[in-house]
$ cat protein.pdb   # PDB, C-alpha atoms
ATOM      1  CA  MET A  18     -45.081 -64.652  33.171
ATOM      2  CA  VAL A  19     -42.384 -67.346  33.117
ATOM      3  CA  ALA A  20     -39.741 -67.790  35.823
ATOM      4  CA  THR A  21     -36.217 -68.640  34.687
ATOM      5  CA  PRO A  22     -33.153 -69.874  36.643
ATOM      6  CA  ILE A  23     -31.328 -67.457  38.944
ATOM      7  CA  GLY A  24     -27.969 -69.101  38.306
ATOM      8  CA  ASN A  25     -27.982 -72.824  37.658
ATOM      9  CA  ALA A  26     -29.480 -73.315  34.182
ATOM     10  CA  ALA A  27     -30.969 -76.654  35.234
ATOM     11  CA  ASP A  28     -33.369 -74.844  37.559
ATOM     12  CA  ILE A  29     -36.046 -74.359  34.925
ATOM     13  CA  THR A  30     -39.324 -76.229  34.965
ATOM     14  CA  LEU A  31     -40.573 -78.576  32.260
ATOM     15  CA  ARG A  32     -43.668 -76.404  31.954
ATOM     16  CA  ALA A  33     -41.539 -73.287  31.430
ATOM     17  CA  LEU A  34     -39.611 -74.947  28.589
ATOM     18  CA  ASP A  35     -42.861 -76.117  26.984
ATOM     19  CA  ILE A  36     -44.399 -72.635  27.173
ATOM     20  CA  LEU A  37     -41.274 -70.894  25.838
ATOM     21  CA  ALA A  38     -41.166 -73.295  22.883
ATOM     22  CA  ARG A  39     -44.844 -72.764  21.985
ATOM     23  CA  VAL A  40     -45.493 -69.029  22.392
ATOM     24  CA  ASP A  41     -45.379 -66.646  19.435
ATOM     25  CA  ALA A  42     -42.779 -64.438  21.124
ATOM     26  CA  VAL A  43     -40.709 -64.128  24.288
ATOM     27  CA  ALA A  44     -40.319 -60.669  25.808
ATOM     28  CA  CYS A  45     -37.013 -60.515  27.669
ATOM     29  CA  GLU A  46     -34.660 -58.064  29.367
ATOM     30  CA  ASP A  47     -31.546 -59.081  27.424
ATOM     31  CA  SER A  48     -31.936 -61.240  24.331
ATOM     32  CA  ARG A  49     -28.342 -62.497  24.701
ATOM     33  CA  VAL A  50     -29.011 -63.833  28.200
ATOM     34  CA  THR A  51     -32.347 -65.413  27.319
ATOM     35  CA  GLY A  52     -30.951 -66.667  24.018
ATOM     36  CA  ARG A  53     -28.168 -68.583  25.759
ATOM     37  CA  LEU A  54     -30.673 -70.184  28.139
ATOM     38  CA  LEU A  55     -32.955 -71.264  25.319
ATOM     39  CA  VAL A  56     -30.100 -72.634  23.215
ATOM     40  CA  ARG A  57     -28.875 -74.676  26.179
ATOM     41  CA  HIS A  58     -32.294 -76.311  26.443
ATOM     42  CA  GLY A  59     -32.830 -76.721  22.705
ATOM     43  CA  VAL A  60     -35.639 -74.166  22.493
ATOM     44  CA  SER A  61     -36.121 -71.801  19.553
ATOM     45  CA  ALA A  62     -38.187 -68.640  20.048
ATOM     46  CA  LYS A  63     -38.661 -65.121  18.699
ATOM     47  CA  LEU A  64     -37.081 -62.776  21.270
ATOM     48  CA  ILE A  65     -38.310 -59.222  21.817
ATOM     49  CA  PRO A  66     -36.315 -56.909  24.137
ATOM     50  CA  TYR A  67     -38.456 -55.439  26.931
ATOM     51  CA  HIS A  68     -36.641 -53.660  29.761
ATOM     52  CA  ASP A  69     -36.593 -50.440  31.776
ATOM     53  CA  HIS A  70     -34.924 -48.441  29.012
ATOM     54  CA  ASN A  71     -37.296 -49.354  26.176
ATOM     55  CA  ALA A  72     -40.524 -50.160  28.036
ATOM     56  CA  ALA A  73     -42.352 -47.014  26.885
ATOM     57  CA  ARG A  74     -41.674 -47.911  23.242
ATOM     58  CA  ALA A  75     -41.904 -51.707  23.482
ATOM     59  CA  LEU A  76     -45.091 -51.979  25.552
ATOM     60  CA  PRO A  77     -47.475 -50.709  22.822
ATOM     61  CA  ALA A  78     -45.939 -53.131  20.316
ATOM     62  CA  LEU A  79     -46.365 -56.058  22.714
ATOM     63  CA  MET A  80     -49.956 -55.052  23.379
ATOM     64  CA  ARG A  81     -50.690 -54.991  19.632
ATOM     65  CA  ARG A  82     -49.384 -58.538  19.354
ATOM     66  CA  LEU A  83     -51.564 -59.683  22.243
ATOM     67  CA  LYS A  84     -54.656 -57.935  20.895
ATOM     68  CA  ASN A  85     -54.050 -59.677  17.564
ATOM     69  CA  GLY A  86     -54.289 -63.021  19.342
ATOM     70  CA  GLU A  87     -50.598 -63.818  19.695
ATOM     71  CA  SER A  88     -49.226 -65.429  22.834
ATOM     72  CA  VAL A  89     -46.286 -63.745  24.575
ATOM     73  CA  ALA A  90     -44.131 -65.061  27.421
ATOM     74  CA  LEU A  91     -42.402 -62.517  29.639
ATOM     75  CA  VAL A  92     -39.119 -63.510  31.271
ATOM     76  CA  SER A  93     -36.471 -61.632  33.226
ATOM     77  CA  ASP A  94     -32.736 -62.245  32.946
ATOM     78  CA  ALA A  95     -32.922 -64.392  36.066
ATOM     79  CA  GLY A  96     -35.665 -65.587  38.358
ATOM     80  CA  THR A  97     -39.285 -64.565  38.602
ATOM     81  CA  PRO A  98     -40.418 -61.688  36.361
ATOM     82  CA  LEU A  99     -41.946 -58.510  37.840
ATOM     83  CA  VAL A 100     -39.389 -58.423  40.676
ATOM     84  CA  SER A 101     -37.255 -55.350  39.917
ATOM     85  CA  ASP A 102     -38.206 -55.220  36.224
ATOM     86  CA  PRO A 103     -40.898 -53.401  34.176
ATOM     87  CA  GLY A 104     -43.171 -56.446  33.894
ATOM     88  CA  TYR A 105     -45.782 -54.871  36.158
ATOM     89  CA  ARG A 106     -46.699 -52.347  33.462
ATOM     90  CA  LEU A 107     -47.301 -55.114  30.924
ATOM     91  CA  VAL A 108     -49.414 -57.130  33.345
ATOM     92  CA  ARG A 109     -51.444 -54.045  34.294
ATOM     93  CA  ALA A 110     -52.019 -53.168  30.638
ATOM     94  CA  CYS A 111     -53.205 -56.717  29.918
ATOM     95  CA  ILE A 112     -55.590 -56.698  32.857
ATOM     96  CA  ASP A 113     -56.999 -53.318  31.848
ATOM     97  CA  ASP A 114     -57.628 -54.629  28.297
ATOM     98  CA  GLY A 115     -59.102 -57.930  29.438
ATOM     99  CA  ILE A 116     -56.198 -60.020  28.155
ATOM    100  CA  PRO A 117     -55.659 -63.184  30.249
ATOM    101  CA  VAL A 118     -52.468 -63.316  32.318
ATOM    102  CA  THR A 119     -51.051 -66.449  33.870
ATOM    103  CA  ALA A 120     -47.891 -67.341  35.782
ATOM    104  CA  VAL A 121     -45.432 -70.194  35.347
ATOM    105  CA  PRO A 122     -43.701 -70.316  38.747
ATOM    106  CA  GLY A 123     -40.105 -71.256  39.328
ATOM    107  CA  ALA A 124     -36.850 -69.911  40.714
ATOM    108  CA  SER A 125     -36.883 -66.773  42.875
ATOM    109  CA  ALA A 126     -33.783 -65.130  44.339
ATOM    110  CA  VAL A 127     -35.847 -63.741  47.223
ATOM    111  CA  LEU A 128     -37.332 -67.068  48.269
ATOM    112  CA  THR A 129     -34.124 -69.019  47.611
ATOM    113  CA  SER A 130     -32.232 -66.685  49.936
ATOM    114  CA  LEU A 131     -34.917 -66.900  52.619
ATOM    115  CA  MET A 132     -34.775 -70.685  52.485
ATOM    116  CA  VAL A 133     -31.138 -70.727  53.643
ATOM    117  CA  ALA A 134     -30.880 -67.513  55.668
ATOM    118  CA  GLY A 135     -31.992 -69.039  58.950
ATOM    119  CA  LEU A 136     -34.375 -66.133  59.595
ATOM    120  CA  PRO A 137     -38.121 -66.322  60.334
ATOM    121  CA  THR A 138     -40.091 -66.828  57.123
ATOM    122  CA  ASP A 139     -43.660 -66.638  58.402
ATOM    123  CA  ARG A 140     -43.594 -62.899  57.638
ATOM    124  CA  PHE A 141     -41.154 -61.059  55.405
ATOM    125  CA  LEU A 142     -40.935 -57.777  53.516
ATOM    126  CA  PHE A 143     -39.111 -57.591  50.195
ATOM    127  CA  ALA A 144     -37.811 -54.013  50.048
ATOM    128  CA  GLY A 145     -35.933 -54.295  46.749
ATOM    129  CA  PHE A 146     -32.801 -52.264  46.106
ATOM    130  CA  LEU A 147     -31.892 -49.525  48.554
ATOM    131  CA  PRO A 148     -31.126 -46.017  47.207
ATOM    132  CA  ASN A 149     -27.543 -45.357  46.100
ATOM    133  CA  ARG A 150     -27.039 -42.184  48.135
ATOM    134  CA  ARG A 151     -26.364 -42.593  51.843
ATOM    135  CA  ALA A 152     -28.947 -40.093  53.109
ATOM    136  CA  ALA A 153     -31.731 -41.618  51.000
ATOM    137  CA  ARG A 154     -30.649 -45.130  51.948
ATOM    138  CA  ARG A 155     -30.781 -44.316  55.647
ATOM    139  CA  ARG A 156     -34.253 -42.779  55.235
ATOM    140  CA  ALA A 157     -35.444 -45.927  53.471
ATOM    141  CA  LEU A 158     -34.061 -48.109  56.257
ATOM    142  CA  THR A 159     -35.718 -45.944  58.908
ATOM    143  CA  GLU A 160     -39.071 -46.435  57.174
ATOM    144  CA  VAL A 161     -38.902 -50.232  57.571
ATOM    145  CA  ALA A 162     -37.032 -50.459  60.881
ATOM    146  CA  ASP A 163     -40.162 -51.242  62.878
ATOM    147  CA  VAL A 164     -41.758 -53.659  60.437
ATOM    148  CA  PRO A 165     -42.409 -56.894  62.393
ATOM    149  CA  ALA A 166     -41.002 -59.205  59.716
ATOM    150  CA  SER A 167     -37.787 -60.420  58.167
ATOM    151  CA  LEU A 168     -36.495 -57.734  55.812
ATOM    152  CA  VAL A 169     -35.141 -58.712  52.402
ATOM    153  CA  PHE A 170     -32.984 -56.330  50.359
ATOM    154  CA  MET A 171     -31.063 -56.653  47.106
ATOM    155  CA  GLU A 172     -27.682 -54.950  46.936
ATOM    156  CA  SER A 173     -24.666 -54.821  44.647
ATOM    157  CA  ALA A 174     -21.330 -56.164  45.876
ATOM    158  CA  ARG A 175     -19.802 -52.703  45.533
ATOM    159  CA  ARG A 176     -22.340 -51.042  47.830
ATOM    160  CA  LEU A 177     -22.722 -53.934  50.270
ATOM    161  CA  PRO A 178     -20.249 -52.704  52.945
ATOM    162  CA  ALA A 179     -21.829 -49.231  53.120
ATOM    163  CA  SER A 180     -25.357 -50.621  53.150
ATOM    164  CA  LEU A 181     -24.567 -53.107  55.911
ATOM    165  CA  ALA A 182     -23.017 -50.322  57.985
ATOM    166  CA  ASP A 183     -26.187 -48.264  57.659
ATOM    167  CA  MET A 184     -28.344 -51.300  58.443
ATOM    168  CA  ALA A 185     -26.362 -52.039  61.600
ATOM    169  CA  ASP A 186     -26.705 -48.419  62.673
ATOM    170  CA  ILE A 187     -30.409 -47.947  61.918
ATOM    171  CA  LEU A 188     -31.918 -51.411  62.276
ATOM    172  CA  GLY A 189     -29.971 -52.188  65.432
ATOM    173  CA  PRO A 190     -28.743 -55.540  66.723
ATOM    174  CA  ARG A 191     -30.544 -58.283  64.869
ATOM    175  CA  SER A 192     -29.713 -61.536  63.130
ATOM    176  CA  ALA A 193     -29.000 -61.260  59.415
ATOM    177  CA  ALA A 194     -27.651 -63.165  56.451
ATOM    178  CA  VAL A 195     -25.831 -62.190  53.275
ATOM    179  CA  THR A 196     -26.465 -64.570  50.380
ATOM    180  CA  ARG A 197     -24.537 -64.346  47.129
ATOM    181  CA  GLU A 198     -24.163 -66.338  43.892
ATOM    182  CA  MET A 199     -27.162 -68.471  44.833
ATOM    183  CA  THR A 200     -27.383 -71.832  43.001
ATOM    184  CA  LYS A 201     -24.008 -71.124  41.340
ATOM    185  CA  MET A 202     -20.608 -72.744  41.878
ATOM    186  CA  PHE A 203     -19.447 -70.132  44.395
ATOM    187  CA  GLU A 204     -22.678 -69.830  46.374
ATOM    188  CA  GLU A 205     -22.050 -68.084  49.688
ATOM    189  CA  VAL A 206     -24.220 -67.628  52.776
ATOM    190  CA  ARG A 207     -22.819 -65.710  55.726
ATOM    191  CA  ARG A 208     -25.003 -65.493  58.840
ATOM    192  CA  ASP A 209     -24.352 -63.346  61.906
ATOM    193  CA  ASP A 210     -25.424 -60.231  63.759
ATOM    194  CA  LEU A 211     -25.760 -57.191  61.488
ATOM    195  CA  ALA A 212     -22.873 -55.410  63.206
ATOM    196  CA  VAL A 213     -20.578 -58.405  62.743
ATOM    197  CA  LEU A 214     -21.512 -58.708  59.074
ATOM    198  CA  ALA A 215     -20.966 -54.985  58.580
ATOM    199  CA  ALA A 216     -17.502 -55.213  60.130
ATOM    200  CA  HIS A 217     -16.604 -58.261  58.031
ATOM    201  CA  TYR A 218     -17.537 -56.699  54.706
ATOM    202  CA  ALA A 219     -15.989 -53.354  55.670
ATOM    203  CA  GLU A 220     -12.688 -55.220  55.975
ATOM    204  CA  ALA A 221     -13.245 -57.612  53.059
ATOM    205  CA  GLY A 222     -14.388 -54.832  50.755
ATOM    206  CA  SER A 223     -17.238 -56.725  49.115
TER
END
$ encode --input "protein.pdb" --output "structure tokens"
Amino acid sequence: MVATPIGNAADITLRALDILARVDAVACEDSRVTGRLLVRHGVSAKLIPYHDHNAARALPALMRRLKNGESVALVSDAGTPLVSDPGYRLVRACIDDGIPVTAVPGASAVLTSLMVAGLPTDRFLFAGFLPNRRAARRRALTEVADVPASLVFMESARRLPASLADMADILGPRSAAVTREMTKMFEEVRRDDLAVLAAHYAEAGS
């Protein structure tokens, strides 16, 4: 499991580049995205698409490679694999078949955002993406409202205003931060009370 940059291509470790250059294949979400990263760093590798839409078909083929003694690196389009991608199924299959699994740590959007949010980091809950539909989203927020930890969500720019409005309503008055384009040229961190952030993005649009 190899972490890749979340934005700035320089945020890749020397160990990650060494592993990606030496493995027999690299399983990736989008071969175009991973291909550009590898080309930038002068790495050549066999790329095998592995994502939510082809996981059922691609997983058996990857397992055959591993059982035949090949080495495979799993990467996501950005950041640490297994966070909001189908990597868990591959890891679980390897563990069940006694195939060694190791991690090459690196960039993480969750941890990068926590580092600059100004919120307590001794305890946090990563709740992933909220449901698209308002009723389901509000139910999901209600389920975590009383968790005694900083809550971390991922959200698209398009749905951000509606999600913040629901958060302000259900989670109540609490400090929050919206982080966007982390490690990129237009990195943005906006910190305030949830209600203030909700009002800002309702007016700004996204």
$ resolve_selection --input "protein.pdb" --expression "the PyMOL selection byres ((chain A and resi 78) around 12)" --output "list of chain:residue names"
A:Ala42, A:Ala44, A:Ile65, A:Pro66, A:Tyr67, A:Asn71, A:Ala72, A:Ala73, A:Arg74, A:Ala75, A:Leu76, A:Pro77, A:Leu79, A:Met80, A:Arg81, A:Arg82, A:Leu83, A:Lys84, A:Asn85, A:Glu87, A:Val89, A:Leu107, A:Ala110
$ resolve_selection --input "protein.pdb" --expression "the PyMOL selection byres ((chain A and resi 20) around 6)" --output "number ranges by chain"
A: 19, 21, 96-97, 122-123
$ closest_residue --input "protein.pdb" --among "A:Ile187, A:Arg39, A:Glu46, A:Val169" --to "A:Val60" --atoms "only C-alpha atoms"
A:Arg39
$ resolve_selection --input "protein.pdb" --expression "the PyMOL selection byres ((chain A and resi 174) around 12)" --output "list of chain:residue names"
A:Met171, A:Glu172, A:Ser173, A:Arg175, A:Arg176, A:Leu177, A:Pro178, A:Ala179, A:Ser180, A:Leu181, A:Val195, A:Thr196, A:Arg197, A:Glu198, A:Tyr218, A:Ala219, A:Ala221, A:Gly222, A:Ser223
$ write_last_selection --input "protein.pdb" --atoms "C-alpha atoms" --output "PDB file, in the coordinates of the input"
ATOM      1  CA  MET A 171     -31.063 -56.653  47.106  1.00  0.00           C
ATOM      2  CA  GLU A 172     -27.682 -54.950  46.936  1.00  0.00           C
ATOM      3  CA  SER A 173     -24.666 -54.821  44.647  1.00  0.00           C
ATOM      4  CA  ARG A 175     -19.802 -52.703  45.533  1.00  0.00           C
ATOM      5  CA  ARG A 176     -22.340 -51.042  47.830  1.00  0.00           C
ATOM      6  CA  LEU A 177     -22.722 -53.934  50.270  1.00  0.00           C
ATOM      7  CA  PRO A 178     -20.249 -52.704  52.945  1.00  0.00           C
ATOM      8  CA  ALA A 179     -21.829 -49.231  53.120  1.00  0.00           C
ATOM      9  CA  SER A 180     -25.357 -50.621  53.150  1.00  0.00           C
ATOM     10  CA  LEU A 181     -24.567 -53.107  55.911  1.00  0.00           C
ATOM     11  CA  VAL A 195     -25.831 -62.190  53.275  1.00  0.00           C
ATOM     12  CA  THR A 196     -26.465 -64.570  50.380  1.00  0.00           C
ATOM     13  CA  ARG A 197     -24.537 -64.346  47.129  1.00  0.00           C
ATOM     14  CA  GLU A 198     -24.163 -66.338  43.892  1.00  0.00           C
ATOM     15  CA  TYR A 218     -17.537 -56.699  54.706  1.00  0.00           C
ATOM     16  CA  ALA A 219     -15.989 -53.354  55.670  1.00  0.00           C
ATOM     17  CA  ALA A 221     -13.245 -57.612  53.059  1.00  0.00           C
ATOM     18  CA  GLY A 222     -14.388 -54.832  50.755  1.00  0.00           C
ATOM     19  CA  SER A 223     -17.238 -56.725  49.115  1.00  0.00           C
TER      20      SER A 223
END
$ residues_around --input "protein.pdb" --residues "A:Leu168" --least-positions-apart "4" --cutoff "9 Å" --atoms "all atoms listed in the file" --output "ChimeraX atom specification"
/A:140-144,161-162,164
$ closest_residue --input "protein.pdb" --among "A:Thr138, A:Lys201, A:Ile36, A:Ala120" --to "A:Ser88" --atoms "only C-alpha atoms"
A:Ile36
$ closest_residue --input "protein.pdb" --among "A:Gly145, A:Gly135, A:Gly115, A:Pro98" --to "A:Ala193" --atoms "only C-alpha atoms"
A:Gly135
$ atom_distance --input "protein.pdb" --atom1 "atom CA of A:Gly189" --atom2 "atom CA of A:Ala212"
8.1 Å
$ decode --input "protein.pdb" --residues "stretch 196-221 of chain A" --atoms "C-alpha atoms" --output "PDB file, in the first residue's frame"
ATOM      1  CA  THR A 196      -9.924  23.004   3.875  1.00  0.00           C
ATOM      2  CA  ARG A 197      -9.643  22.891   0.100  1.00  0.00           C
ATOM      3  CA  GLU A 198      -6.935  22.378  -2.542  1.00  0.00           C
ATOM      4  CA  MET A 199      -4.497  21.247   0.142  1.00  0.00           C
ATOM      5  CA  THR A 200      -0.800  21.448  -0.853  1.00  0.00           C
ATOM      6  CA  LYS A 201      -1.805  23.066  -4.175  1.00  0.00           C
ATOM      7  CA  MET A 202      -1.333  26.627  -5.423  1.00  0.00           C
ATOM      8  CA  PHE A 203      -4.783  27.781  -4.296  1.00  0.00           C
ATOM      9  CA  GLU A 204      -4.839  26.054  -0.911  1.00  0.00           C
ATOM     10  CA  GLU A 205      -7.597  27.490   1.271  1.00  0.00           C
ATOM     11  CA  VAL A 206      -8.395  27.079   4.965  1.00  0.00           C
ATOM     12  CA  ARG A 207     -11.397  28.890   6.398  1.00  0.00           C
ATOM     13  CA  ARG A 208     -11.978  28.570  10.150  1.00  0.00           C
ATOM     14  CA  ASP A 209     -15.037  29.756  12.067  1.00  0.00           C
ATOM     15  CA  ASP A 210     -18.187  28.630  13.824  1.00  0.00           C
ATOM     16  CA  LEU A 211     -20.219  26.137  11.782  1.00  0.00           C
ATOM     17  CA  ALA A 212     -23.101  28.588  11.392  1.00  0.00           C
ATOM     18  CA  VAL A 213     -20.785  31.306  10.090  1.00  0.00           C
ATOM     19  CA  LEU A 214     -19.172  28.918   7.617  1.00  0.00           C
ATOM     20  CA  ALA A 215     -22.587  27.722   6.473  1.00  0.00           C
ATOM     21  CA  ALA A 216     -23.716  31.301   5.860  1.00  0.00           C
ATOM     22  CA  HIS A 217     -20.508  32.146   3.988  1.00  0.00           C
ATOM     23  CA  TYR A 218     -20.714  29.225   1.581  1.00  0.00           C
ATOM     24  CA  ALA A 219     -24.471  29.667   1.128  1.00  0.00           C
ATOM     25  CA  GLU A 220     -23.677  33.131  -0.230  1.00  0.00           C
ATOM     26  CA  ALA A 221     -20.463  32.182  -2.047  1.00  0.00           C
TER      27      ALA A 221
END
